[in-house]
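Working notes, beginning with the structure itself.
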There are 2 protein chains.
Amino acid sequence: MRTRRLSRIRLSDVGELGFIEEVSRRFGGAVRPGETGIGDDAAVLPSPAGKVVLSTDLLVEGTHFDLDYFLPGEIGFRALSANLSDLAAMGAAPVCYLVALAAPAKTPVALLTGIFRGMARAARPSGIRLMGGDTVRGERIALAVTVMGKVSWKGAALRRGARPGDLIFVTGAPGWSRLGLALLSRGRPKRPAGWQKEAMRRHLTPVARWREGAAAARTGAVSAMIDVSDGVLPDLERVLAASGAGAILDEKALRLSPRFREAAAALGEDPLASYLAGGEDYELLMAVRPHRYEAFRRAARAFPAGATPIGVVTARPGIAVRRADGSWMAGRDLPRGFAHFSPSARDSRRRS
Amino acid sequence: MRTRRLSRIRLSDVGELGFIEEVSRRFGGAVRPGETGIGDDAAVLPSPAGKVVLSTDLLVEGTHFDLDYFLPGEIGFRALSANLSDLAAMGAAPVCYLVALAAPAKTPVALLTGIFRGMARAARPSGIRLMGGDTVRGERIALAVTVMGKVSWKGAALRRGARPGDLIFVTGAPGWSRLGLALLSRGRPKRPAGWQKEAMRRHLTPVARWREGAAAARTGAVSAMIDVSDGVLPDLERVLAASGAGAILDEKALRLSPRFREAAAALGEDPLASYLAGGEDYELLMAVRPHRYEAFRRAARAFPAGATPIGVVTARPGIAVRRADGSWMAGRDLPRGFAHFSPSARDSRRRS
């Protein structure tokens with residue numbers, strides 16, 4: 001065994017139990033007094049003050065990722081980021097995560113530990129800890145990630161709650177993930193540089209905005225929040241549907257960077273459509289009460305990803321975008337979702 | 001659509017979103033003020049007093065269940081029972097559950113709602129509520145169930161902690177699930193009666209011992225606890241390994257019922273081996289401190305499944321079974337795990 005190369009060792013060689021022990025040793029979160037981590041029937045932690053926030057995602061090989069296309073670490077990084085983003089969208093602080101993994105017996109252990117290493121890397125900045133899980137046999141790799149977070153008693157930022165007059169903010173720069181996908185779908189560049197590097201990073205290792213989400217919720221200025229994992233427009237539509245409102249967006253306000261425009265041009269993609277309907281960015285969209293705008297602005301100054309006001313909530317239903325040339329775009333003219341990596345990926349990201 | 005028979009409607013007809021709405025309406029848990037259930041980025045609940053207990057399982061078609069073999073409701077019932085059993089083994093009271101489901105687009109909606117109906121049926125007695133999840137496309141059905149429970153600050157019952165002199169108790173009557181499997185593997189009886197009915201019920205809709213687990217932990221008499229999902233001996237071995245101890249069991253104490261012996265004889269199974277190594281019963285095994293035995297006995301009187309003292313923890317490592325004829329069975333002579341429905345099912349039940 002010792003002389004076999006790591007990459008040759010299969011899951012069936014070490015067994016599920018052996019694999020769990022290795023994951024626990026290498027990636028298991030620190031277990032504090034009074035807690036129980038990996039290795040018992042369930043994880044035990046002190047109840048956080050306030051409220052608990054729970055989210056679970058299931059990622060399936062062939063639907064959400066392809067091993068020819070993603071490195072194992074990227075699969076893990078994206079999987080945990082997607083879950084951290086769900087916590088962020090509630091304004092919750094990350095606490096712990098559990099991972100249930102299915103894999104064929106012949107899967108190289110190095111591939112599976114690579115997935116866990118990617119999750120651990122995505123976990124590090126927030127300190128969220130791996131506290132439990134499950135490893136089972138299956139014909140294809142499937143990864144069920146569950147996260148627990150916490151919010152204060154005042155509570156979480158929901159999708160509903162946006163009111164006419166609220167300002168609409170978006171963190172960071174949505175659209176890059178879409179450009180990364182467009183780039184990768186032409187074959188992964190060997191030595192990416194400049195915008196290529198940025199686009200790949202944003203698609204392959206997207207960073208969830210948990211700092212921004214929690215800080216924004218604490219201001220008391222946020223009336224509604226969602227992560228734009230499906231794209232700015234589809235997810236804004238969800239907020240508006242839940243809130244019984246509409247919105248006007250302003251193209252000039254989107255602040256599309258020269259580098260973003262350069263990338264879009266090189267890839268033959270419409271930069272506005274990429275921004276508004278690209279998806280998989282894990283940025284946050286927030287509706288902000290105008291009379292509390294100052295508190296929000298102060299908090300937003302410390303957002304690592306920044307926040308841009310892109311429009312306003314209206315009483316009139318529907319979304320209208322005022323173009324840079326003064327014309328209006330609405331209804332069927334609005335950019336719709338792109339075909340993602342897999343035809344079902346878009347649908348599959350919808351959560352209950 | 002109206003005129004199509006329910007069984008003809010496919011997941012692709014209603015879409016993931018439509019399916020999630022139906023599940024939420026029909027099976028979603030009651031959402032109390034200040035809580036957020038299905039339909040936002042994550043579920044939000046008040047933090048329970050004490051500690052939170054979390055467990056997640058992934059069940060995969062072909063590994064853990066086969067649609068030719070289980071009814072959809074049975075798949076759901078077993079899936080939630082397995083998770084409730086993990087909570088029970090910690091002495092935790094059930095609070096809420098999340099379900100992430102993968103399924104092919106052509107899957108009949110009735111099959112998927114049948115799975116959720118089974119979970120709802122298993123959920124009802126404890127009041128555990130469905131609060132969130134995810135529905136995605138996948139080539140085969142996969143079901144990731146996450147449960148949250150709560151324990152008091154004094155804490156959970158762990159696998160480690162058994163000490164020499166502790167009494168070993170088992171709830172209910174392990175082994176029936178194994179007999180149910182043996183029966184079903186010969187073809188599902190059309191009109192089961194008598195022991196057949198019992199064996200099928202115990203295999204297809206096993207009831208988790210959450211009442212027993214929580215009540216036992218409250219007595220302060222339980223030094224270690226585990227659910228015997230892999231069988232009494234394999235799971236007792238885990239407790240003993242974690243506790244650095246051994247055990248002596250007494251065949252006469254097992255109280256194998258005449259009906260159980262009748263079933264085993266009819267199926268050509270060894271009743272003792274079925275009891276000790278059958279698995280998938282979701283009974284609890286508890287080590288009980290002798291000086292607190294009275295408190296435990298009083299609590300155990302109210303256990304719906306009862307509890308039987310089957311042996312004692314010893315300082316000497318290993319497990320020895322005193323047979324009814326006075327002979328001893330130990331080491332390699334002890335009954336080992338059975339081949340389950342799938343060759344990988346045993347391994348696959350091991351949890352981190």
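Here's how to read the names in the structure tokens: chain A, B, ... by the order shown, residue numbers from 1 in each chain, ligand numbers from 1 in the order shown.
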Self-check item: Residue list (alpha helix (DSSP H), DSSP) for range 71-192 of chain B, as an MDAnalysis selection string
Solution: chainID B and resid 72:89 109:123 176:184
Exercise. Find the spatial neighbours of Met286 in chain B, counting only C-alpha atoms, within a cut-off of 12 Å - ignore same-chain residues fewer than 6 positions away - and output them as a PyMOL selection string.
Key: chain B and resi 88-91+157-163+166-171+209+212-217+220-228+232+235-236+239-240+293+296+300+307-313
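Atom pair CA of Glu294 in chain A / CA of Val151 in chain A has a distance of 22.2 Å (rounded to one decimal).
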Residues flagged strand (DSSP E or B) by DSSP in range 107-317 of chain A, as a PDB file with C-alpha atoms, in the first residue's frame:
ATOM      1  CA  PRO A 108      -9.609   7.381  -6.417  1.00  0.00           C
ATOM      2  CA  ARG A 129     -16.378  23.793  10.634  1.00  0.00           C
ATOM      3  CA  LEU A 130     -16.947  20.327   9.158  1.00  0.00           C
ATOM      4  CA  MET A 131     -18.785  18.498  11.952  1.00  0.00           C
ATOM      5  CA  GLY A 132     -20.279  15.384  10.383  1.00  0.00           C
ATOM      6  CA  GLY A 133     -21.570  13.507   7.411  1.00  0.00           C
ATOM      7  CA  ASP A 134     -21.926  10.195   5.707  1.00  0.00           C
ATOM      8  CA  THR A 135     -20.091   8.257   2.988  1.00  0.00           C
ATOM      9  CA  VAL A 136     -21.955   5.726   0.870  1.00  0.00           C
ATOM     10  CA  ARG A 137     -21.578   3.802  -2.370  1.00  0.00           C
ATOM     11  CA  ALA A 142     -23.175  12.928  -5.392  1.00  0.00           C
ATOM     12  CA  LEU A 143     -22.464  15.494  -2.736  1.00  0.00           C
ATOM     13  CA  ALA A 144     -25.084  16.628  -0.203  1.00  0.00           C
ATOM     14  CA  VAL A 145     -23.875  19.610   1.784  1.00  0.00           C
ATOM     15  CA  THR A 146     -25.824  20.933   4.757  1.00  0.00           C
ATOM     16  CA  VAL A 147     -24.867  24.175   6.497  1.00  0.00           C
ATOM     17  CA  MET A 148     -25.968  25.628   9.801  1.00  0.00           C
ATOM     18  CA  GLY A 149     -25.681  29.345  10.508  1.00  0.00           C
ATOM     19  CA  LYS A 150     -27.058  31.735  13.080  1.00  0.00           C
ATOM     20  CA  VAL A 151     -28.867  35.060  13.047  1.00  0.00           C
ATOM     21  CA  LEU A 167     -33.075  50.930  -3.228  1.00  0.00           C
ATOM     22  CA  ILE A 168     -31.733  47.777  -4.915  1.00  0.00           C
ATOM     23  CA  PHE A 169     -28.084  46.965  -4.250  1.00  0.00           C
ATOM     24  CA  VAL A 170     -25.931  44.196  -5.664  1.00  0.00           C
ATOM     25  CA  THR A 171     -22.614  43.115  -4.150  1.00  0.00           C
ATOM     26  CA  VAL A 222     -32.362  45.548   4.429  1.00  0.00           C
ATOM     27  CA  SER A 223     -36.012  44.782   3.674  1.00  0.00           C
ATOM     28  CA  ALA A 224     -35.309  41.749   1.453  1.00  0.00           C
ATOM     29  CA  MET A 225     -32.258  39.774   0.356  1.00  0.00           C
ATOM     30  CA  ILE A 226     -31.452  36.881  -1.983  1.00  0.00           C
ATOM     31  CA  ASP A 227     -28.328  35.429  -3.555  1.00  0.00           C
ATOM     32  CA  GLY A 246     -41.801  45.715  -9.369  1.00  0.00           C
ATOM     33  CA  ALA A 247     -38.480  47.397 -10.105  1.00  0.00           C
ATOM     34  CA  ILE A 248     -36.654  49.821 -12.365  1.00  0.00           C
ATOM     35  CA  LEU A 249     -32.961  49.190 -13.017  1.00  0.00           C
ATOM     36  CA  ASP A 250     -30.524  51.672 -14.551  1.00  0.00           C
ATOM     37  CA  LEU A 284     -26.212  39.183  -3.013  1.00  0.00           C
ATOM     38  CA  LEU A 285     -29.113  41.360  -4.065  1.00  0.00           C
ATOM     39  CA  MET A 286     -30.555  43.561  -1.305  1.00  0.00           C
ATOM     40  CA  ALA A 287     -33.522  45.899  -1.063  1.00  0.00           C
ATOM     41  CA  VAL A 288     -32.605  48.786   1.241  1.00  0.00           C
ATOM     42  CA  ALA A 307     -22.172  47.086  -3.150  1.00  0.00           C
ATOM     43  CA  THR A 308     -23.634  48.981  -6.081  1.00  0.00           C
ATOM     44  CA  PRO A 309     -27.094  50.621  -6.196  1.00  0.00           C
ATOM     45  CA  ILE A 310     -28.585  49.401  -9.472  1.00  0.00           C
ATOM     46  CA  GLY A 311     -32.220  50.478  -9.226  1.00  0.00           C
ATOM     47  CA  VAL A 312     -35.329  50.993  -7.168  1.00  0.00           C
ATOM     48  CA  VAL A 313     -38.388  48.981  -6.131  1.00  0.00           C
ATOM     49  CA  THR A 314     -41.669  50.189  -7.646  1.00  0.00           C
TER      50      THR A 314
END
Quiz item: Do you know which residues are at most 7 Å from range 67-83 of chain A counting only C-alpha atoms, after dropping those on the same chain fewer than 2 positions away, and could you put them as a ChimeraX atom specification?
Solution: /A:55,57,65,85-87,111,114-119,121-122,147,204-208,282
Quiz item: If we count only C-alpha atoms, which residues of chain B reach to within 6 Å of chain A? Please list them as a ChimeraX atom specification.
Solution: /B:20,38-39,41-47,50-58,86,100,132-134,136-137,348,351-352
For those residues, write C-alpha atoms to a file as a compact mmCIF listing (two decimals), in the first residue's frame.
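To be explicit, this is the file written out as out.txt:
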# COMPACT_ATOMS: atom_id res chain seq x y z
CA ILE B 20 -41.28 21.97 -4.52
CA ILE B 38 -39.67 26.03 2.55
CA GLY B 39 -39.36 28.74 -0.10
CA ASP B 41 -32.72 30.55 0.67
CA ALA B 42 -32.63 28.66 3.98
CA ALA B 43 -34.83 27.58 6.89
CA VAL B 44 -34.86 29.73 10.03
CA LEU B 45 -35.95 28.52 13.50
CA PRO B 46 -35.46 29.73 17.05
CA SER B 47 -32.36 28.15 18.59
CA GLY B 50 -29.33 23.52 25.25
CA LYS B 51 -27.54 21.99 22.29
CA VAL B 52 -28.39 21.35 18.66
CA VAL B 53 -27.92 17.87 17.21
CA LEU B 54 -27.43 17.45 13.47
CA SER B 55 -27.24 14.38 11.28
CA THR B 56 -27.33 13.81 7.54
CA ASP B 57 -27.74 10.65 5.44
CA LEU B 58 -27.59 10.07 1.72
CA ASP B 86 -29.44 8.94 14.77
CA ALA B 100 -32.59 17.26 -0.91
CA GLY B 132 -36.60 22.97 3.65
CA GLY B 133 -34.65 21.22 0.96
CA ASP B 134 -33.69 21.12 -2.65
CA VAL B 136 -32.43 18.66 -8.62
CA ARG B 137 -32.06 16.51 -11.72
CA SER B 348 -22.93 2.26 3.28
CA ARG B 351 -21.62 7.21 9.24
CA SER B 352 -19.10 9.86 10.03
Quiz item: When distances are computed from only C-alpha atoms, which of B:Arg323, B:Gly180, B:Val109, B:Ala93 shows the smallest separation from Ala266 in chain B?
Solution: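 Residue with the minimum atom-to-atom distance to Ala266 in chain B: B:Gly180.
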Exercise. Kindly indicate which residue among B:Ile9, B:Ile319, B:Leu184, B:Leu233 lies nearest to Thr107 in chain B, using only C-alpha atoms for the distances.
Key: B:Ile9
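Take CA of Ala120 in chain B and CA of Arg26 in chain B: the distance between them is 9.5 Å.
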